[in-house]
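Peer 1: Sharing my_file_17.cif here; it has mmCIF, C-alpha atoms.
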data_my_file
#
loop_
_atom_site.group_PDB
_atom_site.id
_atom_site.type_symbol
_atom_site.label_atom_id
_atom_site.label_comp_id
_atom_site.auth_asym_id
_atom_site.auth_seq_id
_atom_site.Cartn_x
_atom_site.Cartn_y
_atom_site.Cartn_z
ATOM 1 C CA MET A 25 85.220 165.768 65.858
ATOM 2 C CA LEU A 26 82.705 168.610 65.757
ATOM 3 C CA ARG A 27 85.433 171.218 65.479
ATOM 4 C CA ALA A 28 87.255 169.199 62.832
ATOM 5 C CA ALA A 29 84.035 169.209 60.807
ATOM 6 C CA GLY A 30 83.864 173.003 61.068
ATOM 7 C CA ILE A 31 80.837 173.001 63.360
ATOM 8 C CA GLY A 32 80.675 175.941 65.739
ATOM 9 C CA THR A 33 78.954 179.235 66.447
ATOM 10 C CA GLY A 34 75.505 179.499 64.887
ATOM 11 C CA ASP A 35 75.177 175.763 64.339
ATOM 12 C CA GLU A 36 72.780 173.360 66.055
ATOM 13 C CA VAL A 37 73.518 169.718 66.863
ATOM 14 C CA ILE A 38 70.729 167.255 67.657
ATOM 15 C CA VAL A 39 71.492 165.089 70.696
ATOM 16 C CA PRO A 40 69.562 162.864 73.134
ATOM 17 C CA ALA A 41 68.448 164.328 76.456
ATOM 18 C CA TYR A 42 68.277 160.878 78.043
ATOM 19 C CA GLY A 43 71.780 160.162 79.247
ATOM 20 C CA ASN A 44 75.155 161.769 79.012
ATOM 21 C CA VAL A 45 75.405 165.461 79.825
ATOM 22 C CA GLU A 46 78.909 165.224 78.354
ATOM 23 C CA VAL A 47 77.480 165.052 74.833
ATOM 24 C CA ALA A 48 75.613 168.356 75.217
ATOM 25 C CA GLU A 49 78.670 169.855 76.902
ATOM 26 C CA ALA A 50 80.852 168.838 73.958
ATOM 27 C CA VAL A 51 78.470 170.584 71.574
ATOM 28 C CA GLU A 52 78.657 173.767 73.623
ATOM 29 C CA LEU A 53 82.458 173.540 73.860
ATOM 30 C CA ALA A 54 82.531 173.502 70.057
ATOM 31 C CA GLY A 55 80.506 176.723 70.125
ATOM 32 C CA ALA A 56 77.295 175.159 68.814
ATOM 33 C CA ARG A 57 73.875 174.755 70.430
ATOM 34 C CA PRO A 58 72.554 171.338 71.514
ATOM 35 C CA VAL A 59 68.985 170.579 70.418
ATOM 36 C CA PHE A 60 67.313 167.710 72.258
ATOM 37 C CA ALA A 61 65.323 164.986 70.515
ATOM 38 C CA ASP A 62 63.241 162.203 72.040
ATOM 39 C CA ILE A 63 64.210 158.542 72.330
ATOM 40 C CA ASP A 64 62.840 155.242 71.145
ATOM 41 C CA PRO A 65 61.172 153.659 74.208
ATOM 42 C CA ASP A 66 62.701 150.232 73.509
ATOM 43 C CA THR A 67 66.331 151.133 72.734
ATOM 44 C CA TYR A 68 66.623 154.418 74.715
ATOM 45 C CA CYS A 69 68.505 155.807 71.703
ATOM 46 C CA LEU A 70 67.490 158.729 69.495
ATOM 47 C CA ALA A 71 64.136 158.253 67.764
ATOM 48 C CA PRO A 72 64.653 159.097 64.070
ATOM 49 C CA ALA A 73 61.197 160.683 63.727
ATOM 50 C CA SER A 74 61.913 163.036 66.639
ATOM 51 C CA VAL A 75 65.322 163.858 65.171
ATOM 52 C CA GLU A 76 63.825 164.751 61.813
ATOM 53 C CA ALA A 77 61.193 166.921 63.489
ATOM 54 C CA GLY A 78 63.983 168.830 65.243
ATOM 55 C CA VAL A 79 65.961 169.676 62.122
ATOM 56 C CA SER A 80 66.088 173.393 61.343
ATOM 57 C CA ALA A 81 67.961 175.646 58.940
ATOM 58 C CA HIS A 82 70.729 175.846 61.566
ATOM 59 C CA THR A 83 71.144 172.090 62.127
ATOM 60 C CA ALA A 84 74.619 170.883 61.208
ATOM 61 C CA ALA A 85 74.921 167.471 62.858
ATOM 62 C CA ILE A 86 73.295 164.607 64.763
ATOM 63 C CA ILE A 87 75.036 162.706 67.557
ATOM 64 C CA ALA A 88 73.732 159.176 68.053
ATOM 65 C CA VAL A 89 74.533 157.589 71.404
ATOM 66 C CA HIS A 90 74.359 153.812 71.807
ATOM 67 C CA ARG A 91 72.665 153.225 75.160
ATOM 68 C CA PHE A 92 73.050 150.339 77.643
ATOM 69 C CA GLY A 93 74.388 148.081 74.877
ATOM 70 C CA GLN A 94 71.479 148.786 72.531
ATOM 71 C CA PRO A 95 72.616 150.268 69.189
ATOM 72 C CA ALA A 96 71.028 153.429 67.862
ATOM 73 C CA ASP A 97 69.278 153.281 64.491
ATOM 74 C CA VAL A 98 72.301 154.747 62.748
ATOM 75 C CA ALA A 99 71.174 153.640 59.271
ATOM 76 C CA ARG A 100 67.956 155.652 59.578
ATOM 77 C CA LEU A 101 69.778 158.633 61.082
ATOM 78 C CA ARG A 102 72.303 158.575 58.247
ATOM 79 C CA GLU A 103 69.452 158.485 55.754
ATOM 80 C CA ILE A 104 68.027 161.612 57.390
ATOM 81 C CA GLY A 105 71.479 163.181 57.481
ATOM 82 C CA GLY A 106 72.065 162.385 53.831
ATOM 83 C CA ARG A 107 68.803 164.029 52.765
ATOM 84 C CA ARG A 108 69.358 167.068 54.950
ATOM 85 C CA GLY A 109 73.109 167.464 54.447
ATOM 86 C CA LEU A 110 73.914 166.743 58.108
ATOM 87 C CA LEU A 111 76.931 165.112 59.704
ATOM 88 C CA VAL A 112 76.049 162.007 61.773
ATOM 89 C CA LEU A 113 78.419 161.138 64.611
ATOM 90 C CA GLU A 114 78.252 158.152 66.967
ATOM 91 C CA GLN A 115 79.225 157.732 70.590
ATOM 92 C CA GLY A 116 79.896 154.033 70.933
ATOM 93 C CA GLU A 117 80.632 151.556 73.693
ATOM 94 C CA SER A 118 84.101 150.833 74.950
ATOM 95 C CA GLU A 119 85.784 147.640 73.823
ATOM 96 C CA GLN A 120 85.454 146.345 77.388
ATOM 97 C CA ALA A 121 81.693 146.191 76.833
ATOM 98 C CA HIS A 122 82.274 143.118 74.660
ATOM 99 C CA ASP A 123 84.237 141.250 77.323
ATOM 100 C CA GLY A 124 82.007 138.522 78.754
ATOM 101 C CA LEU A 125 79.319 139.270 76.151
ATOM 102 C CA ALA A 126 78.046 135.691 75.888
ATOM 103 C CA LYS A 127 77.709 135.460 79.668
ATOM 104 C CA ARG A 128 75.849 138.767 79.938
ATOM 105 C CA ARG A 129 73.454 137.690 77.213
ATOM 106 C CA ALA A 130 72.873 134.381 78.966
ATOM 107 C CA HIS A 131 72.229 136.195 82.244
ATOM 108 C CA ALA A 132 69.834 138.594 80.505
ATOM 109 C CA GLY A 133 67.965 135.628 79.051
ATOM 110 C CA TYR A 134 67.676 134.077 82.514
ATOM 111 C CA LEU A 135 66.284 137.320 83.948
ATOM 112 C CA ASN A 136 63.949 137.929 81.005
ATOM 113 C CA ALA A 137 62.371 134.514 81.487
ATOM 114 C CA ARG A 138 61.844 134.826 85.237
ATOM 115 C CA LEU A 139 61.240 138.448 86.245
ATOM 116 C CA SER A 140 57.694 139.652 86.881
ATOM 117 C CA GLY A 141 56.330 143.006 87.988
ATOM 118 C CA VAL A 142 58.862 144.870 85.852
ATOM 119 C CA ARG A 143 59.145 145.360 82.103
ATOM 120 C CA THR A 144 62.262 143.577 80.868
ATOM 121 C CA PRO A 145 64.491 145.010 78.109
ATOM 122 C CA ALA A 146 63.437 144.726 74.492
ATOM 123 C CA GLY A 147 65.598 141.925 73.157
ATOM 124 C CA SER A 148 67.829 142.311 70.119
ATOM 125 C CA GLU A 149 70.519 140.104 68.620
ATOM 126 C CA ARG A 150 72.788 143.171 68.692
ATOM 127 C CA HIS A 151 72.130 144.017 72.354
ATOM 128 C CA THR A 152 75.342 143.662 74.393
ATOM 129 C CA TYR A 153 73.660 144.247 77.779
ATOM 130 C CA GLN A 154 76.262 146.701 78.962
ATOM 131 C CA GLN A 155 73.496 147.413 81.459
ATOM 132 C CA TYR A 156 70.339 145.399 82.125
ATOM 133 C CA VAL A 157 67.677 148.082 82.326
ATOM 134 C CA VAL A 158 64.090 147.299 83.310
ATOM 135 C CA ARG A 159 61.100 149.577 83.698
ATOM 136 C CA VAL A 160 59.108 149.835 86.890
ATOM 137 C CA PRO A 161 55.773 151.287 85.757
ATOM 138 C CA GLY A 162 54.567 154.301 87.675
ATOM 139 C CA ASN A 163 50.975 155.012 88.626
ATOM 140 C CA GLY A 164 51.167 158.574 89.860
ATOM 141 C CA ARG A 165 53.663 157.518 92.539
ATOM 142 C CA PRO A 166 57.480 157.139 92.594
ATOM 143 C CA ASP A 167 57.144 153.374 92.228
ATOM 144 C CA ARG A 168 60.582 152.951 90.661
ATOM 145 C CA ASP A 169 62.291 154.647 93.581
ATOM 146 C CA ALA A 170 60.305 152.678 96.170
ATOM 147 C CA PHE A 171 61.039 149.472 94.273
ATOM 148 C CA ALA A 172 64.771 150.269 94.153
ATOM 149 C CA HIS A 173 64.823 151.019 97.868
ATOM 150 C CA ALA A 174 63.073 147.735 98.645
ATOM 151 C CA ILE A 175 65.344 145.486 96.599
ATOM 152 C CA ARG A 176 68.477 147.269 97.869
ATOM 153 C CA ALA A 177 67.258 146.340 101.349
ATOM 154 C CA ARG A 178 67.301 142.727 100.122
ATOM 155 C CA GLY A 179 70.948 143.060 99.064
ATOM 156 C CA ILE A 180 70.496 143.785 95.358
ATOM 157 C CA ASP A 181 72.878 146.338 93.864
ATOM 158 C CA CYS A 182 70.660 148.346 91.528
ATOM 159 C CA ARG A 183 70.844 151.925 90.300
ATOM 160 C CA VAL A 184 68.841 154.542 88.461
ATOM 161 C CA PRO A 185 70.687 154.945 85.142
ATOM 162 C CA VAL A 186 69.445 158.464 84.311
ATOM 163 C CA LYS A 187 68.096 160.485 87.211
ATOM 164 C CA THR A 188 67.480 163.775 85.400
ATOM 165 C CA PRO A 189 67.230 164.229 81.624
ATOM 166 C CA VAL A 190 69.734 166.754 80.279
ATOM 167 C CA HIS A 191 67.008 169.159 79.128
ATOM 168 C CA ARG A 192 65.887 169.449 82.769
ATOM 169 C CA LEU A 193 69.342 170.366 84.101
ATOM 170 C CA PRO A 194 69.698 174.090 84.935
ATOM 171 C CA GLN A 195 72.451 174.770 82.400
ATOM 172 C CA PHE A 196 70.581 173.094 79.528
ATOM 173 C CA ARG A 197 66.963 173.719 80.476
ATOM 174 C CA ARG A 198 64.662 173.695 77.453
ATOM 175 C CA ASP A 199 60.901 173.997 77.137
ATOM 176 C CA VAL A 200 60.563 171.002 74.856
ATOM 177 C CA ALA A 201 58.195 168.029 74.858
ATOM 178 C CA LEU A 202 60.139 164.757 75.166
ATOM 179 C CA PRO A 203 57.560 162.343 76.597
ATOM 180 C CA GLU A 204 59.522 159.112 76.084
ATOM 181 C CA THR A 205 62.633 160.654 77.635
ATOM 182 C CA GLU A 206 60.650 161.830 80.662
ATOM 183 C CA ARG A 207 58.942 158.461 81.057
ATOM 184 C CA ALA A 208 62.210 156.556 80.818
ATOM 185 C CA ALA A 209 63.860 158.789 83.425
ATOM 186 C CA ASP A 210 60.957 158.078 85.804
ATOM 187 C CA GLU A 211 60.717 154.317 85.223
ATOM 188 C CA THR A 212 64.127 152.823 84.422
ATOM 189 C CA LEU A 213 66.256 150.814 86.810
ATOM 190 C CA ALA A 214 69.516 148.956 86.098
ATOM 191 C CA LEU A 215 69.781 145.493 87.647
ATOM 192 C CA PRO A 216 72.964 143.396 87.957
ATOM 193 C CA VAL A 217 73.953 141.499 84.791
ATOM 194 C CA SER A 218 77.739 141.251 85.083
ATOM 195 C CA ALA A 219 79.414 138.239 83.494
ATOM 196 C CA THR A 220 80.861 137.406 86.920
ATOM 197 C CA LEU A 221 77.458 136.820 88.548
ATOM 198 C CA SER A 222 76.726 133.300 89.746
ATOM 199 C CA ARG A 223 73.422 131.506 89.167
ATOM 200 C CA ARG A 224 72.718 131.884 92.894
ATOM 201 C CA GLU A 225 73.168 135.659 92.633
ATOM 202 C CA LEU A 226 70.885 135.829 89.595
ATOM 203 C CA HIS A 227 68.257 133.832 91.470
ATOM 204 C CA LYS A 228 68.552 136.313 94.342
ATOM 205 C CA VAL A 229 67.829 139.191 91.932
ATOM 206 C CA VAL A 230 64.752 137.396 90.604
ATOM 207 C CA SER A 231 63.468 136.506 94.077
ATOM 208 C CA ALA A 232 63.872 140.061 95.390
ATOM 209 C CA CYS A 233 62.151 141.636 92.392
ATOM 210 C CA ASN A 234 59.328 139.122 92.093
ATOM 211 C CA ALA A 235 58.527 139.412 95.787
ATOM 212 C CA LEU A 236 57.491 143.015 95.043
ATOM 213 C CA GLY A 237 55.847 142.436 91.696
ATOM 214 C CA GLY A 238 52.362 142.072 93.114
ATOM 215 C CA LEU A 239 52.620 145.513 94.736
ATOM 216 C CA LEU A 240 52.983 147.312 91.426
ATOM 217 C CA GLN A 241 50.127 148.284 89.176
ATOM 218 C CA PRO A 242 51.079 149.259 85.609
ATOM 219 C CA ALA A 243 49.926 152.681 84.459
ATOM 220 C CA PHE A 244 47.544 152.665 81.506
#
Written as structure tokens, that's how I'd like the structure from this file.
Peer 2:
Amino acid sequence: MLRAAGIGTGDEVIVPAYGNVEVAEAVELAGARPVFADIDPDTYCLAPASVEAGVSAHTAAIIAVHRFGQPADVARLREIGGRRGLLVLEQGESEQAHDGLAKRRAHAGYLNARLSGVRTPAGSERHTYQQYVVRVPGNGRPDRDAFAHAIRARGIDCRVPVKTPVHRLPQFRRDVALPETERAADETLALPVSATLSRRELHKVVSACNALGGLLQPAF
């Protein structure tokens, strides 16, 4: 799509650093340079204000990535693109993400109402809960990693969704301030939310997490 739009050598494309390295790689394969913008802390998608701050005379496009089932603010990004003469592309979810949507939303509601000691996802009527991502607040320690280790020991299949932001990978290293991206990479943890989960399995997730909640102190 970038090549078809004539984007290549000498052009810059604004992309998120939180998430897919493939997006930055695609920009480089087209011959352009990826420029990393920060994310919205609730949706984990590009923050329009950060995108606009990153626009330069060489910017040709913006790639919005919908993250974990939360949609990016494409309307705002298109408004920026329209004013600046930039192409706005989207990387969307697969169709399979909508299979079992009602169940995943019901499971997310169950978890939202019962989990403590973690920050549950910001709700949205458009959220498809492709992943159920919570935050485990740090306090100068790797609390998220310790928390993950502890609930895995209790039989909960959890994972760190983004271990290293793209702008910290050797091939894309940039000296750029992306505080929300860094914070999300340190704090986020994906818990089970599959449509196939039983109520007993959901209760097990809640019990394992809440048993550790009192050990965590939010950072202020």
Peer 1: Just checking: using only C-alpha atoms, which residue out of A:Leu113, A:Ile175, A:Val184, A:Cys69 ends up closest to A:Ile87?
Peer 2: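 The closest residue to A:Ile87 is A:Leu113.
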Peer 1: For A:Arg102, which residue among A:Gln155, A:Arg27, A:Glu76, A:His122 is the nearest when counting only C-alpha atoms?
Peer 2: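 Checking each of A:Gln155, A:Arg27, A:Glu76, A:His122 against A:Arg102, counting only C-alpha atoms, the winner is A:Glu76.
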Peer 1: Given only C-alpha atoms as the basis, pick out the residue of A:Ser231, A:Thr205, A:Ser80, A:Thr152 nearest to A:Pro40.
Peer 2: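 Of the candidates, the smallest distance to A:Pro40 is held by A:Thr205.
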Peer 1: Please provide the set of residues having any atom within 6 Å of A:Pro189, restricted to only C-alpha atoms, with same-chain residues fewer than 2 positions apart removed, written as a PyMOL selection string.
Peer 2: chain A and resi 41-42+191-192
Peer 1: Can you translate the PyMOL selection byres ((chain A and resi 109) around 12) into the concrete residues it hits in this file, as a list in words?
Peer 2: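 With the shown file as input, the PyMOL selection byres ((chain A and resi 109) around 12) matches Val79, Ser80, Ala81, His82, Thr83, Ala84, Ala85, Ile86, Leu101, Arg102, Glu103, Ile104, Gly105, Gly106, Arg107, Arg108, Leu110, Leu111 and Val112 of chain A.
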Peer 1: Evaluate the PyMOL selection byres ((chain A and resi 181) around 10) here and jot the selected residues down as a ChimeraX atom specification.
Peer 2: /A:172,175-180,182-183,214-216,229
Peer 1: In terms of the shortest atom-to-atom distance over only C-alpha atoms, which of A:Gly32, A:Pro203, A:Pro95, A:Pro185 is closest to A:Val157?
Peer 2: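 Result for the nearest residue to A:Val157: A:Pro185.
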Peer 1: Run the PyMOL selection byres ((chain A and resi 143-149) around 6) mentally over the shown coordinates, then write out the matched residues as an mmCIF file with C-alpha atoms, in the frame of the given file, using the chain letters and numbers from the document.
Peer 2:
data_model
loop_
_atom_site.group_PDB
_atom_site.id
_atom_site.type_symbol
_atom_site.label_atom_id
_atom_site.label_comp_id
_atom_site.auth_asym_id
_atom_site.auth_seq_id
_atom_site.Cartn_x
_atom_site.Cartn_y
_atom_site.Cartn_z
ATOM 1 C CA ASP A 66 62.701 150.232 73.509
ATOM 2 C CA ASN A 136 63.949 137.929 81.005
ATOM 3 C CA VAL A 142 58.862 144.870 85.852
ATOM 4 C CA ARG A 150 72.788 143.171 68.692
ATOM 5 C CA HIS A 151 72.130 144.017 72.354
ATOM 6 C CA VAL A 158 64.090 147.299 83.310
ATOM 7 C CA ARG A 159 61.100 149.577 83.698
#
Peer 1: Here is a test: counting only C-alpha atoms, which residue of A:Ala29, A:Val160, A:Leu226, A:Val75 is nearest to A:Asp210?
Peer 2: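 The answer is A:Val160, which sits nearest to A:Asp210.
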Peer 1: So which one's closest to A:Pro194, A:Val45, A:Ala208, A:Ile38, A:Leu26? Using all atoms listed in the file, please.
Peer 2: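 The closest residue to A:Pro194 is A:Val45.
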Peer 1: Rounded to one decimal, what separation in Å do you get between atom CA of A:Leu139 and atom CA of A:Gly93?
Peer 2: 19.9 Å
Peer 1: Can you list, as a PDB file with C-alpha atoms, in the frame of the given file, every protein, DNA or RNA residue that comes within 9 Å of A:Ala132 when you count all atoms listed in the file, leaving out same-chain residues fewer than 5 positions away?
Peer 2:
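See out27.pdb below for the written result:
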ATOM      1  CA  LYS A 127      77.709 135.460  79.668  1.00  0.00           C
ATOM      2  CA  ALA A 137      62.371 134.514  81.487  1.00  0.00           C
ATOM      3  CA  PRO A 145      64.491 145.010  78.109  1.00  0.00           C
ATOM      4  CA  TYR A 153      73.660 144.247  77.779  1.00  0.00           C
ATOM      5  CA  TYR A 156      70.339 145.399  82.125  1.00  0.00           C
ATOM      6  CA  VAL A 217      73.953 141.499  84.791  1.00  0.00           C
TER       7      VAL A 217
END
Peer 1: Any chance you could work out the axis-aligned box around stretch 83-86 of chain A, listed atoms only, 5 Å on each side, giving centre and edge lengths in Å to one decimal, as lines of an AutoDock Vina configuration file?
Peer 2:
center_x = 73.0
center_y = 168.3
center_z = 63.0
size_x = 13.8
size_y = 17.5
size_z = 13.6
Peer 1: Calculate how many Å separate atom CA of A:Asp35 from atom CA of A:Ala56, rounding to one decimal.
Peer 2: 5.0 Å
Peer 1: Skip A:Asp97 itself and residues of its chain fewer than 5 positions away, then list as an MDAnalysis selection string all residues within 8 Å of it, counting only C-alpha atoms.
Peer 2: chainID A and resid 69:72
Peer 1: To one decimal place, how far is atom CA of A:Val200 from atom CA of A:Ile63 in Å?
Peer 2: 13.2 Å
Peer 1: Identify, on the basis of only C-alpha atoms, every residue whose closest approach to A:Glu114 does not exceed 9 Å; exclude the query and any residue fewer than 6 positions from it along the same chain; express the result as a PyMOL selection string.
Peer 2: chain A and resi 86-90+96+98
